[in-house]
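**Q** Here it is: the structure, laid out below.
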Amino acid sequence: MNELVAAERGLALPELQRCMQKSRAGKIKTAAKSKNRLAVRLTVFVLLGLTLCGFATFDYKNIDLLAAIAGTLDNARVLFGQPRLMYTNGAEAWTALLVSFSLGALSTIFGALLGLLGALFCAGNIANPIAAGIIKRFVSLIRAVPTILWVLIFTVAAGLGSVAAVVGLTFHSAGYLTKAYAESIEEMDSGVIEALKASGASFWQIVFQAILPSSISYMVAWTFLRFEINFINAIAVGAAAGAGGIGFELYMAGSHYFDLRELGWITYMVVAAVIALELLATKIKAKVG
Amino acid sequence: MSGDRMKKTPGSKEKAAVFVARKRNFTIAFLGVFAVFIISSLATGYDVAGGFAAVPKAVHWMASNFVPDEKAWSRLPNILAKLIETAFLSVAVTVCAAVCAFFFGLPGTRTLKLNPWVGRAVRIIAAFFRNVPDVVWAMLLLFSFGQNILTGFFALFFYTFGILTRTFIETVDEVSADCIEALHAAGAGDLQTVFQGILPSSMPEILSWILYMIETNIRNSTLIGILTATGIGYLFDLYYKRMDYASAGLVVLSVVLLVIAIELLSNQIRKVIL
């Protein structure tokens, strides 16, 4: 790659010759051995090795793999092929979907507000480096705890219900959006901020007049991406933490009634909602961008 | 520039119009978000004040109950065994899904110029696997696979496969366009193009995504574990339901340390390869 890069950037010939490596026979090596390439190879080999190691150590409990796959395919045919509702009706299911959607929306709004605040104090080009370092470490600590664990922790503290779900989902969203927003801000042209600083603009003037207008399109894109993730997560915590919404209906259909057809109907509903959300996001992003 | 001169510049009216439009758009966006907020609060019965009050309460509760005690530390070997299993699982899932996603995604790339209908089909199938929640996969697999590690494996696999197919298509289109053109011009066949052009040139980006998905899958596997009674998620659920919060706290701590370790390692690898 080195030669290609050098040629592309129009480097001088001696530079190019230095980059070029020849084998003992004097042939030009087409693949330059660089640290970068070695690291890529090493990473690939380690990952493959870990995968094989994993497969070798898993406890399969003597499962009959072929029978299980055949059974799953049969079930998948029923699930996706014959969807219908039985234990709930359409209105109930749509209301549950609205609840999941709302859990996702609330946690995205709170997460975005906290994330914006966090990003302003940890983006490399505007923040105090010491404060930025502390916030970045704190945020990665928050992100490291799985969302479902946050929700379960808050369920004990705040009781089962929407508060635990929203606060639990917000934690991870805020951590994620802080990082994403900070990266959008860091991509900004540093000259603009310097010019504003030199002309005596205050921190908040810089934020509202330069940073927000120039990175708002990235931020909106990240926020909608997170909204989609939060919607899916709201479904997941509804199923695993009993936080209500369509996730809970999924859990009941799958683990209580063992009704694949109902599971299928709800699945299609969720997929339709996610796709609608994606389309809406694309439209709004096009307007902002 | 003094205010006096600013008034006289011919563009000042347009400039003012830009600011007015910006203000109007901001107001519309604010009202829109506020409406969503109100509707969502009503639909879920969310209590804003209660939400804020819950945070300090939860922190206090965590600080007093989640601290591992002696009994919890005695469970450490058990927790570590499950943690290692989860780490291996998420690496294995991500690598398998990445290999499948790469070859499945190739016909979907614009740069390879294959049949556009095949490309469209690839994208739709990827979108399907991406959008069906992993909860559904877990439920479906639980019927035939039971409480087995393979249930978790496939549930994570389908979702990872869907995400990685889309990102790999985008990566290949972004990174490898020039080198594919060059190789085609030099008369390389499709297979040669893939192995000599696309794979080497997009490998760093692809690896970066794989590392990210490994980290994500460790977090997701706790959720899948709770639903399918496997891995580290099951262990957390077990202690949590027994109200043995000290042990549950140790599980959380071990997951956090694992995720942070993988994140740090990934960042180091990214620094070298990208």
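Ordering of the structure tokens sets the chain letters (A, B, ...), residue numbers begin anew at 1 in every chain, and ligands are numbered from 1 in the order given.
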As a ChimeraX atom specification, please: every residue in stretch 116-174 of chain A that DSSP puts in alpha helix (DSSP H).

**A** /A:116-120,129-144,147-158,162-174

**Q** Extract, using only C-alpha atoms, all DNA, RNA and protein residues at most 6 Å from stretch 180-196 of chain A, discarding same-chain residues fewer than 6 positions from it, and format them as a list of chain:residue names.

**A**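 Here the answer would be A:Ala119, A:Ala123, A:Asn125, A:Met219.
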
**Q** Given only C-alpha atoms as the basis, pick out the residue of B:Gly51, B:Pro116, B:Ile198, B:Leu89 nearest to A:Thr155.

**A** B:Gly51

**Q** With the cut-off set at 6 Å and counting only C-alpha atoms, tabulate each residue of chain B with an atom at most that distance from an atom of chain A, showing the nearest atom pair and its distance in Å to one decimal, ordered by chain and increasing number, as a Markdown table.

**A**
| residue | atom | partner | partner_atom | distance |
| --- | --- | --- | --- | --- |
| B:Ser40 | CA | A:Ser102 | CA | 4.3 |
| B:Ala43 | CA | A:Val99 | CA | 5.8 |
| B:Thr44 | CA | A:Val99 | CA | 5.5 |
| B:Tyr46 | CA | A:Ser162 | CA | 5.7 |
| B:Gly51 | CA | A:Val163 | CA | 5.4 |
| B:Ala54 | CA | A:Ala158 | CA | 5.6 |
| B:Ala58 | CA | A:Ala157 | CA | 4.9 |
| B:Phe88 | CA | A:Gly54 | CA | 4.9 |
| B:Ala92 | CA | A:Thr51 | CA | 4.3 |
| B:Asn131 | CA | A:Val271 | CA | 5.7 |
| B:Val132 | CA | A:Val271 | CA | 5.9 |
| B:Met139 | CA | A:Gly254 | CA | 5.6 |
| B:Ser144 | CA | A:Ala68 | CA | 5.1 |
| B:Phe145 | CA | A:Ala68 | CA | 5.5 |
| B:Arg219 | CA | A:Pro146 | CA | 4.9 |
| B:Val256 | CA | A:Ala144 | CA | 5.0 |
| B:Val259 | CA | A:Ala144 | CA | 5.6 |
| B:Val272 | CA | A:Asn36 | CA | 5.9 |
| B:Ile273 | CA | A:Asn36 | CA | 4.9 |

**Q** Would you write out those residues with C-alpha atoms, as an mmCIF file, in the first residue's frame?

**A**
data_model
loop_
_atom_site.group_PDB
_atom_site.id
_atom_site.type_symbol
_atom_site.label_atom_id
_atom_site.label_comp_id
_atom_site.auth_asym_id
_atom_site.auth_seq_id
_atom_site.Cartn_x
_atom_site.Cartn_y
_atom_site.Cartn_z
ATOM 1 C CA SER B 40 -44.284 9.588 25.501
ATOM 2 C CA ALA B 43 -48.130 6.784 27.127
ATOM 3 C CA THR B 44 -45.686 5.266 29.596
ATOM 4 C CA TYR B 46 -43.394 8.295 33.221
ATOM 5 C CA GLY B 51 -37.068 9.632 37.494
ATOM 6 C CA ALA B 54 -34.478 7.493 41.388
ATOM 7 C CA ALA B 58 -30.144 3.853 42.985
ATOM 8 C CA PHE B 88 -15.070 -16.665 23.784
ATOM 9 C CA ALA B 92 -16.592 -16.704 17.979
ATOM 10 C CA ASN B 131 -34.279 -5.396 12.276
ATOM 11 C CA VAL B 132 -35.681 -8.568 13.814
ATOM 12 C CA MET B 139 -37.222 -17.073 21.797
ATOM 13 C CA SER B 144 -35.396 -26.363 19.641
ATOM 14 C CA PHE B 145 -31.981 -25.698 21.168
ATOM 15 C CA ARG B 219 -22.937 -6.583 26.472
ATOM 16 C CA VAL B 256 -17.412 -3.962 33.224
ATOM 17 C CA VAL B 259 -15.665 -4.664 28.366
ATOM 18 C CA VAL B 272 -1.720 0.654 14.716
ATOM 19 C CA ILE B 273 -3.855 -0.644 11.857
#

**Q** Just give me the gap between atom CA of B:Leu140 and atom CA of A:Leu97 in Å, one decimal is fine.

**A** 20.1 Å

**Q** I want to know what sits within 6 Å of stretch 161-173 of chain B, based on only C-alpha atoms, with residues of the same chain fewer than 5 positions away left out; could you give that as a ChimeraX atom specification?

**A** /B:97,101,105,109,111,126,129-130

**Q** With N, CA and C atoms retained, could you export that selection as a PDB file, in the first residue's frame?

**A**
ATOM      1  N   ALA B  97     -19.797 -14.476  12.066  1.00  0.00           N
ATOM      2  CA  ALA B  97     -20.738 -13.579  11.391  1.00  0.00           C
ATOM      3  C   ALA B  97     -19.998 -12.687  10.407  1.00  0.00           C
ATOM      4  N   ALA B 101     -20.770 -12.473   6.626  1.00  0.00           N
ATOM      5  CA  ALA B 101     -21.263 -11.175   6.165  1.00  0.00           C
ATOM      6  C   ALA B 101     -20.407 -10.644   5.024  1.00  0.00           C
ATOM      7  N   GLY B 105     -22.094 -10.138   1.619  1.00  0.00           N
ATOM      8  CA  GLY B 105     -22.257  -8.731   1.268  1.00  0.00           C
ATOM      9  C   GLY B 105     -21.627  -8.358  -0.065  1.00  0.00           C
ATOM     10  N   THR B 109     -22.220  -4.963  -3.047  1.00  0.00           N
ATOM     11  CA  THR B 109     -21.404  -3.756  -3.210  1.00  0.00           C
ATOM     12  C   THR B 109     -21.597  -3.182  -4.603  1.00  0.00           C
ATOM     13  N   THR B 111     -19.348  -1.321  -6.120  1.00  0.00           N
ATOM     14  CA  THR B 111     -18.091  -1.277  -6.861  1.00  0.00           C
ATOM     15  C   THR B 111     -17.829  -2.545  -7.652  1.00  0.00           C
ATOM     16  N   ALA B 126     -30.182  -8.449   4.534  1.00  0.00           N
ATOM     17  CA  ALA B 126     -29.391  -7.906   5.646  1.00  0.00           C
ATOM     18  C   ALA B 126     -30.269  -7.059   6.556  1.00  0.00           C
ATOM     19  N   PHE B 129     -32.364  -9.287   8.854  1.00  0.00           N
ATOM     20  CA  PHE B 129     -31.653  -9.837  10.007  1.00  0.00           C
ATOM     21  C   PHE B 129     -31.293  -8.761  11.024  1.00  0.00           C
ATOM     22  N   ARG B 130     -31.106  -7.530  10.542  1.00  0.00           N
ATOM     23  CA  ARG B 130     -30.742  -6.444  11.428  1.00  0.00           C
ATOM     24  C   ARG B 130     -31.929  -5.979  12.256  1.00  0.00           C
TER      25      ARG B 130
END

**Q** Distance atom CA of B:Val251-atom CA of A:Phe227, one decimal place?

**A** 28.1 Å

**Q** Contacts of B:Pro68 at 10 Å or less, counting only C-alpha atoms, minus same-chain residues fewer than 6 places along, as a short mmCIF file (atom, residue, chain, number, x, y, z; two decimals) with C-alpha atoms, in the first residue's frame?

**A**
data_model
loop_
_atom_site.label_atom_id
_atom_site.label_comp_id
_atom_site.auth_asym_id
_atom_site.auth_seq_id
_atom_site.Cartn_x
_atom_site.Cartn_y
_atom_site.Cartn_z
CA SER B 74 -15.99 -17.29 47.02
CA ASP B 244 -27.80 -12.05 46.58
CA TYR B 245 -26.89 -8.56 45.41
CA ALA B 246 -23.28 -8.75 46.54
CA SER B 247 -22.62 -11.59 44.10
CA ALA B 248 -24.66 -9.87 41.39
CA GLY B 249 -22.50 -6.79 41.92
CA LEU B 250 -19.39 -8.89 41.41
CA VAL B 251 -20.85 -10.15 38.12
CA LEU B 253 -17.94 -5.59 38.04
#

**Q** At a cut-off of 9 Å, using only C-alpha atoms, what residues contact B:Ile226? Leave out same-chain residues fewer than 5 positions from it and give the result as a PyMOL selection string.

**A** (chain A and resi 240) or (chain B and resi 221+231-238)

**Q** Ranking B:Pro133, B:Pro204, B:Pro77, B:Gly108 by minimum distance to A:Ile229 and counting only C-alpha atoms, which one comes first?

**A**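 Ranking B:Pro133, B:Pro204, B:Pro77, B:Gly108 by distance to A:Ile229, first place goes to B:Pro133.
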
**Q** List as a ChimeraX atom specification the protein and nucleic acid residues near B:Met213, meaning an atom at most 10 Å away when only C-alpha atoms are counted, but skip any in the same chain fewer than 6 places from it.

**A** /B:90-91,93-95,98,160,163-164,207,219-220

**Q** One decimal, Å: what's the distance from atom CA of B:Ala49 over to atom CA of B:Asn65, could you say?

**A**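 Taking atom CA of B:Ala49 as the start and atom CA of B:Asn65 as the end point, the length is 24.2 Å.
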